[in-house]
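**Student:** Next up is a structure, given as structure tokens.
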Amino acid sequence: MAEDEPVVTRAWRHLERPVRILVYLLIALTLVMLFHQSEYLVVHLFDVLLLFVFAAIIALLLTPVIDRMERLSVFKGRRVFAVVLLYVVIIGLIAGLIALVTPALIGQAKQLPALESRAIAFVRFLQDAIDSAGIPLKLSLPSGASGISTAVLGSVLGILTGTLGTLINVLLVVVISIYLLVEGRQLIASMRKLFVGREDVYDFTLLAVGTTVGQYARGQLVMSLVMGTYTGVAMTVIGVPYAVVLGILTFFLEFLPLIGAPIGMGLAVLIALVFKGPLIGLLALIAAVGGHAIEAYILGPRVTGSATRIHPLVAMAALLIGAELGGILGALFGVPVAALLNVLLGAVYRARRGEEAPLSASASGRVHAATLPRLSEEISEAAEESPIEDKPVPHTAGER
């Protein structure tokens, strides 16, 4: 019936395949646009979720303090008053610390022009040594109108421009954490009703998350305070410039497990070497190595060891994977997420073996991090309980 087909239809038949391809391309472009729009939405929703995560961590840290305050007759039945009073005390302590640190920062900032010439001389000395060794490397340092002080002031101005947004986020985190401290338990009890028939799984997951993350966060906070104070005091005694800044920087870097404190102390040694010479640099190196030894062999195992209970290589892998996937935030949460997965997978492994995963092994009924099941420990215990039995050695014909 091709002769009866209209002439117009036959004329457009050769365009059918290109039109179909064009339609598929339009569908693909639409999907790409939707993906980008959803990515934009997910990123902004993640920023909001992150505020709640930090607020929840703060609530986990402060809940034991509020519970102890409520045992006093003054705060009994007045949880809101206890929470507000605790925040007033914390903010007052932070304000007092800032007031104590500010004069030292101002005094050290006045030394910046004198230190600039020393830094330039040190870089020139390094450049001469590199040139004499025949290494094709050129070092550069701002000089003249665009000196170090100008660069530092520009960085400070850049930081100040983002201060308003940071303060707003901090205020939101504080407000959310107050709500969680006051009504967190009621919220958890309400959400429990959504898991009908799975209440035990909900309880275990919540307790595992709260116990592991809470103890890890408390341990990291203690480590940050100790190492930040140690670095600031040690570098002040030695005479390293900007010791207060180095202490504050070490406090924040300590939240990056395994690598944070060495980076902060390495910066202290570098500043001491550049601005004060080899002797002060050597003393700073001795102080840094001593601080790292105290952290790695004394404080670390006692403070955070019971919270993570994972191999250092696993912690390093979690840190690197988190940093690769999420940058600084990924590095911050990499180790606690790995520790939490170790607990949850340990419970799954124990359940598959037909055993119960108790929430606590203590007589008081309280949950401790040490009593939670962990995958690595469960596998080791299973291997010890079922050793390979000795098989009988077959006899040869001559031995019969």
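Residue numbers start at 1 in each chain; chains themselves are named A, B, ... in the order of the structure tokens; ligands are numbered from 1 in the order shown.
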When you look at Arg78 in chain A with a cut-off of 12 Å (counting only C-alpha atoms), what residues show up, excluding the ones that are within fewer than 5 positions of it in the same chain? I need them as an NGL selection string.
**Tutor:** :A and (66-67 or 69-73 or 83-85 or 182)
**Student:** Would you put the residues from that selection into a file with N, CA and C atoms, as a tab-separated table (two decimals), in the first residue's frame?
**Tutor:**
chain	number	residue	atom	x	y	z
A	66	ILE	N	23.52	18.49	82.50
A	66	ILE	CA	22.16	18.93	82.84
A	66	ILE	C	21.47	17.91	83.74
A	67	ASP	N	21.69	16.63	83.49
A	67	ASP	CA	21.09	15.59	84.33
A	67	ASP	C	21.59	15.69	85.77
A	69	MET	N	22.73	18.44	87.18
A	69	MET	CA	22.19	19.67	87.76
A	69	MET	C	20.75	19.47	88.23
A	70	GLU	N	19.99	18.65	87.48
A	70	GLU	CA	18.60	18.42	87.86
A	70	GLU	C	18.47	17.63	89.17
A	71	ARG	N	19.53	16.95	89.58
A	71	ARG	CA	19.46	16.22	90.84
A	71	ARG	C	19.46	17.17	92.04
A	72	LEU	N	19.94	18.39	91.84
A	72	LEU	CA	19.93	19.37	92.91
A	72	LEU	C	18.52	19.90	93.10
A	73	SER	N	18.19	20.23	94.33
A	73	SER	CA	16.83	20.70	94.63
A	73	SER	C	16.51	22.01	93.93
A	83	VAL	N	19.40	24.59	81.77
A	83	VAL	CA	20.04	24.70	80.45
A	83	VAL	C	20.48	26.14	80.19
A	84	VAL	N	19.59	27.10	80.45
A	84	VAL	CA	19.93	28.51	80.21
A	84	VAL	C	21.09	28.94	81.07
A	85	LEU	N	21.09	28.54	82.34
A	85	LEU	CA	22.18	28.91	83.24
A	85	LEU	C	23.51	28.31	82.77
A	182	VAL	N	16.35	20.46	76.15
A	182	VAL	CA	15.13	20.59	76.93
A	182	VAL	C	14.13	19.50	76.56
**Student:** May I ask for the distance between CA of Tyr179 in chain A and CA of Ala55 in chain A, given in Å to one decimal place?
**Tutor:** 9.3 Å
**Student:** Would you kindly return, as a VMD selection string, each protein, DNA or RNA residue with an atom no farther than 6 Å from any atom of range 240-256 of chain A, considering only C-alpha atoms and excluding same-chain residues fewer than 6 positions away?
**Tutor:** chain A and resid 224 228 231 to 232 264 272 332
**Student:** Atoms to include: C-alpha atoms. Write the selected residues as an mmCIF file, in the first residue's frame.
**Tutor:**
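And here is the file that came out, part_20.cif:
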data_model
loop_
_atom_site.group_PDB
_atom_site.id
_atom_site.type_symbol
_atom_site.label_atom_id
_atom_site.label_comp_id
_atom_site.auth_asym_id
_atom_site.auth_seq_id
_atom_site.Cartn_x
_atom_site.Cartn_y
_atom_site.Cartn_z
ATOM 1 C CA SER A 224 41.771 19.440 72.071
ATOM 2 C CA GLY A 228 45.868 23.340 72.706
ATOM 3 C CA THR A 231 51.069 23.976 72.809
ATOM 4 C CA GLY A 232 50.230 27.548 73.851
ATOM 5 C CA GLY A 264 49.761 22.267 64.583
ATOM 6 C CA ALA A 272 60.215 29.048 65.753
ATOM 7 C CA LEU A 332 35.979 15.327 61.056
#
**Student:** How many Å lie between CA of Leu325 in chain A and CA of Leu375 in chain A, rounded to one decimal?
**Tutor:** 23.9 Å
**Student:** Find the residues around Ala331 in chain A up to 12 Å (only C-alpha atoms counted), leave out those fewer than 2 positions away in its own chain, and share them as a list in words.
**Tutor:** Leu253, Glu254, Phe255, Leu256, Pro257, Leu258, Ile259, Gly260, Ala315, Met316, Ala317, Ala318, Leu319, Leu320, Ile321, Gly322, Ala323, Glu324, Leu325, Gly326, Gly327, Ile328, Leu329, Phe333, Gly334, Val335, Pro336, Val337 and Ala338 of chain A
**Student:** Using CA of Leu345 in chain A and CA of Arg198 in chain A as the two end points, give the distance in Å to one decimal.
**Tutor:**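 Answer for the CA of Leu345 in chain A to CA of Arg198 in chain A separation: 17.4 Å.
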**Student:** I need the residues in range 210-269 of chain A that are helix (DSSP H, G or I) according to DSSP; give them as an NGL selection string.
**Tutor:** :A and (210-238 or 243-253 or 260-269)
